[in-house]
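Asks: One structure, as structure tokens, below. Some questions next.
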Amino acid sequence: MNEGKIAEMIIKCPACSIEGVAKSIMNEIEIPHFGKVLETTIQCPSCGFKHSDVIALEQNDPAKYTIEINKNNLSVRVVRSQSATVIIPEVGVKVEPGPKSEGYVTNIEGILTRFEDAVKKALNLFEDEQSQVNAKKALEHLLELKKGNGTATLIILDPFGQSNVVSENVKISEIPKEELRELKTGFYEIEDD
Ligand SMILES: [Zn+2]
């Protein structure tokens, strides 16, 4: 993976609106067998705001990526755009895009770590017994997968085709119309009919 910084700017922080401290960095990342991805990161030392996003420079169609998570696939490169939904059905976890969701370049192990962090947060947030049991089960399952034990399915649904899973083992399919309609995009939606 080749990385090159192409721009760095000092901007007005989108969170605290303080002028002249937040840094916006733009990186171009070349991903083998995929192409170029533009990664932007905004960091504000004043309020701690941090946000990143990726944009694939080649436009694709809406797509559903399905790959088995197993010990041989943990290092498979994954590009998750801000508007993609990520699901591991066997673990019962799903991340949907929202105004705060981030785009990033990682690998399958990195996706598991992100889910792990999200489940840990949920453990602290929801104190009822059923939530605790479910979260602990999910956490255990994620840890086993990271160790290379067992298998599960990673599904990425991207209505703008900006995400990718770079492996010859990935199955790429169209997103069925009904499913596409129900997908969140992270934008506030306006009905136009
Ligand atoms: Zn700020």
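Letters for chains follow the order of the structure tokens (A, B, ...), residue numbers begin at 1 for each chain, and ligand numbers begin at 1 in the order shown.
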Using only C-alpha atoms and all ligand atoms, determine which residues fall within 9 Å of ligand 1, then list them as a PDB file with C-alpha atoms, in the first residue's frame.
Replies:
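File produced: result_13.pdb:
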ATOM      1  CA  LYS A  12     -12.259  26.110  10.662  1.00  0.00           C
ATOM      2  CA  CYS A  13     -13.286  23.220  12.923  1.00  0.00           C
ATOM      3  CA  PRO A  14     -16.670  21.796  11.840  1.00  0.00           C
ATOM      4  CA  ALA A  15     -17.396  20.861  15.488  1.00  0.00           C
ATOM      5  CA  CYS A  16     -16.306  23.817  17.652  1.00  0.00           C
ATOM      6  CA  SER A  17     -16.033  26.434  14.889  1.00  0.00           C
ATOM      7  CA  ILE A  18     -12.703  27.727  16.181  1.00  0.00           C
ATOM      8  CA  GLU A  19     -10.690  29.209  13.334  1.00  0.00           C
ATOM      9  CA  VAL A  21      -6.407  25.193  14.624  1.00  0.00           C
ATOM     10  CA  ALA A  22      -8.075  22.171  12.993  1.00  0.00           C
ATOM     11  CA  GLN A  43      -8.332  16.664  13.563  1.00  0.00           C
ATOM     12  CA  CYS A  44      -9.035  19.512  15.978  1.00  0.00           C
ATOM     13  CA  PRO A  45      -6.609  19.827  18.906  1.00  0.00           C
ATOM     14  CA  SER A  46      -8.929  22.353  20.515  1.00  0.00           C
ATOM     15  CA  CYS A  47     -12.070  20.237  21.004  1.00  0.00           C
ATOM     16  CA  GLY A  48     -10.752  16.769  20.125  1.00  0.00           C
ATOM     17  CA  PHE A  49     -12.940  16.380  17.041  1.00  0.00           C
ATOM     18  CA  LYS A  50     -11.657  13.713  14.677  1.00  0.00           C
TER      19      LYS A  50
END
Asks: For range 68-78 of chain A, work out the shell of residues within 9 Å, counting only C-alpha atoms and skipping chain neighbours fewer than 4 positions away, then give it as a VMD selection string.
Replies: chain A and resid 31 104 to 111 145 to 155 163 to 167 169 to 170
Asks: Counting only C-alpha atoms, what is within 9 Å of Ile6 in chain A, bar same-chain residues fewer than 3 positions away, as a ChimeraX atom specification?
Replies: /A:25-28
Asks: Just checking: using only C-alpha atoms, which residue out of A:Lys64, A:Lys136, A:Lys36, A:Lys23 ends up closest to Lys121 in chain A?
Replies: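 Among A:Lys64, A:Lys136, A:Lys36, A:Lys23, it is A:Lys136 that comes nearest to Lys121 in chain A.
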Asks: Can you measure CA of Glu179 in chain A to CA of Glu39 in chain A for me? One decimal in Å is fine.
Replies: 27.9 Å
Asks: CA of Arg80 in chain A and CA of Gly103 in chain A, how far apart in Å?
Replies: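 A separation of 5.3 Å between them.
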Asks: Under the rule that only C-alpha atoms are counted, which of A:Gly20, A:Gly98, A:Gly4, A:Pro159 is the nearest residue to Tyr65 in chain A?
Replies: A:Pro159
Asks: When DSSP works through the backbone of this structure, what residues of chain A end up as alpha helix (DSSP H), shown as a PyMOL selection string?
Replies: chain A and resi 108-125+129-147+177-182
Asks: Atoms to include: N, CA and C atoms. Write the selected residues as a compact mmCIF listing (two decimals), in the first residue's frame.
Replies:
# COMPACT_ATOMS: atom_id res chain seq x y z
N ILE A 108 -9.65 -7.12 7.21
CA ILE A 108 -10.76 -7.78 7.91
C ILE A 108 -10.51 -7.80 9.41
N GLU A 109 -9.27 -8.01 9.82
CA GLU A 109 -8.95 -7.97 11.24
C GLU A 109 -9.30 -6.60 11.83
N GLY A 110 -9.02 -5.55 11.07
CA GLY A 110 -9.33 -4.19 11.52
C GLY A 110 -10.83 -3.96 11.66
N ILE A 111 -11.62 -4.57 10.76
CA ILE A 111 -13.08 -4.48 10.86
C ILE A 111 -13.53 -5.15 12.16
N LEU A 112 -12.95 -6.31 12.47
CA LEU A 112 -13.30 -7.04 13.70
C LEU A 112 -12.98 -6.19 14.93
N THR A 113 -11.82 -5.51 14.89
CA THR A 113 -11.42 -4.65 16.01
C THR A 113 -12.41 -3.49 16.18
N ARG A 114 -12.85 -2.90 15.05
CA ARG A 114 -13.80 -1.80 15.14
C ARG A 114 -15.12 -2.26 15.75
N PHE A 115 -15.58 -3.46 15.36
CA PHE A 115 -16.80 -4.01 15.95
C PHE A 115 -16.60 -4.28 17.45
N GLU A 116 -15.42 -4.79 17.77
CA GLU A 116 -15.09 -5.06 19.17
C GLU A 116 -15.23 -3.78 20.01
N ASP A 117 -14.65 -2.69 19.52
CA ASP A 117 -14.73 -1.41 20.22
C ASP A 117 -16.18 -0.95 20.37
N ALA A 118 -16.96 -1.14 19.29
CA ALA A 118 -18.36 -0.70 19.31
C ALA A 118 -19.16 -1.52 20.33
N VAL A 119 -18.88 -2.83 20.39
CA VAL A 119 -19.61 -3.70 21.33
C VAL A 119 -19.21 -3.35 22.77
N LYS A 120 -17.93 -3.05 22.98
CA LYS A 120 -17.48 -2.65 24.32
C LYS A 120 -18.19 -1.38 24.78
N LYS A 121 -18.37 -0.44 23.84
CA LYS A 121 -19.10 0.79 24.16
C LYS A 121 -20.53 0.46 24.55
N ALA A 122 -21.14 -0.46 23.78
CA ALA A 122 -22.53 -0.86 24.05
C ALA A 122 -22.65 -1.50 25.43
N LEU A 123 -21.61 -2.26 25.81
CA LEU A 123 -21.59 -2.92 27.13
C LEU A 123 -21.69 -1.90 28.26
N ASN A 124 -21.04 -0.75 28.06
CA ASN A 124 -21.07 0.29 29.08
C ASN A 124 -22.36 1.10 29.06
N LEU A 125 -22.98 1.13 27.86
CA LEU A 125 -24.15 1.98 27.66
C LEU A 125 -25.46 1.32 28.09
N GLU A 129 -29.86 -6.87 31.53
CA GLU A 129 -29.21 -8.17 31.49
C GLU A 129 -29.11 -8.76 30.08
N GLN A 130 -30.22 -8.65 29.31
CA GLN A 130 -30.23 -9.22 27.97
C GLN A 130 -29.17 -8.56 27.08
N SER A 131 -29.06 -7.25 27.14
CA SER A 131 -28.06 -6.54 26.34
C SER A 131 -26.65 -6.96 26.74
N GLN A 132 -26.44 -7.12 28.05
CA GLN A 132 -25.13 -7.53 28.55
C GLN A 132 -24.76 -8.92 28.03
N VAL A 133 -25.73 -9.85 28.11
CA VAL A 133 -25.48 -11.21 27.63
C VAL A 133 -25.16 -11.21 26.14
N ASN A 134 -25.98 -10.48 25.36
CA ASN A 134 -25.78 -10.42 23.91
C ASN A 134 -24.43 -9.81 23.56
N ALA A 135 -24.09 -8.72 24.23
CA ALA A 135 -22.84 -8.02 23.93
C ALA A 135 -21.64 -8.90 24.27
N LYS A 136 -21.71 -9.59 25.41
CA LYS A 136 -20.59 -10.45 25.81
C LYS A 136 -20.41 -11.60 24.83
N LYS A 137 -21.54 -12.14 24.36
CA LYS A 137 -21.48 -13.23 23.38
C LYS A 137 -20.84 -12.74 22.09
N ALA A 138 -21.27 -11.57 21.63
CA ALA A 138 -20.73 -11.00 20.40
C ALA A 138 -19.23 -10.74 20.53
N LEU A 139 -18.84 -10.22 21.69
CA LEU A 139 -17.44 -9.89 21.94
C LEU A 139 -16.56 -11.15 21.88
N GLU A 140 -17.04 -12.21 22.53
CA GLU A 140 -16.32 -13.49 22.53
C GLU A 140 -16.15 -14.01 21.10
N HIS A 141 -17.25 -13.93 20.33
CA HIS A 141 -17.25 -14.41 18.96
C HIS A 141 -16.23 -13.63 18.11
N LEU A 142 -16.21 -12.30 18.28
CA LEU A 142 -15.28 -11.44 17.53
C LEU A 142 -13.83 -11.79 17.87
N LEU A 143 -13.57 -12.03 19.17
CA LEU A 143 -12.20 -12.37 19.59
C LEU A 143 -11.75 -13.70 18.99
N GLU A 144 -12.66 -14.68 18.97
CA GLU A 144 -12.33 -15.98 18.38
C GLU A 144 -12.00 -15.83 16.90
N LEU A 145 -12.81 -15.03 16.19
CA LEU A 145 -12.58 -14.82 14.76
C LEU A 145 -11.22 -14.17 14.52
N LYS A 146 -10.86 -13.22 15.41
CA LYS A 146 -9.57 -12.55 15.28
C LYS A 146 -8.41 -13.51 15.49
N LYS A 147 -8.63 -14.51 16.36
CA LYS A 147 -7.59 -15.52 16.59
C LYS A 147 -7.52 -16.52 15.46
N LYS A 177 -33.18 -4.43 -5.38
CA LYS A 177 -33.88 -3.13 -5.32
C LYS A 177 -34.51 -2.83 -3.96
N GLU A 178 -35.21 -3.85 -3.40
CA GLU A 178 -35.91 -3.61 -2.12
C GLU A 178 -34.90 -3.30 -1.03
N GLU A 179 -33.76 -4.02 -1.09
CA GLU A 179 -32.72 -3.82 -0.08
C GLU A 179 -32.08 -2.44 -0.23
N LEU A 180 -31.89 -2.03 -1.49
CA LEU A 180 -31.26 -0.75 -1.79
C LEU A 180 -32.10 0.40 -1.24
N ARG A 181 -33.43 0.24 -1.34
CA ARG A 181 -34.33 1.27 -0.87
C ARG A 181 -34.26 1.44 0.64
N GLU A 182 -34.00 0.33 1.33
CA GLU A 182 -33.98 0.37 2.79
C GLU A 182 -32.62 0.74 3.38
Asks: Which of these residues is nearest to Phe34 in chain A, using only C-alpha atoms: A:Glu58, A:Glu90, A:Asp158, A:Glu96?
Replies: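 Nearest candidate to Phe34 in chain A out of A:Glu58, A:Glu90, A:Asp158, A:Glu96: A:Glu58.
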Asks: If we count only C-alpha atoms, what is near Ser52 in chain A at a cut-off of 6 Å, once residues fewer than 6 positions away on the same chain are taken out, given as a ChimeraX atom specification?
Replies: /A:40-41,102-103
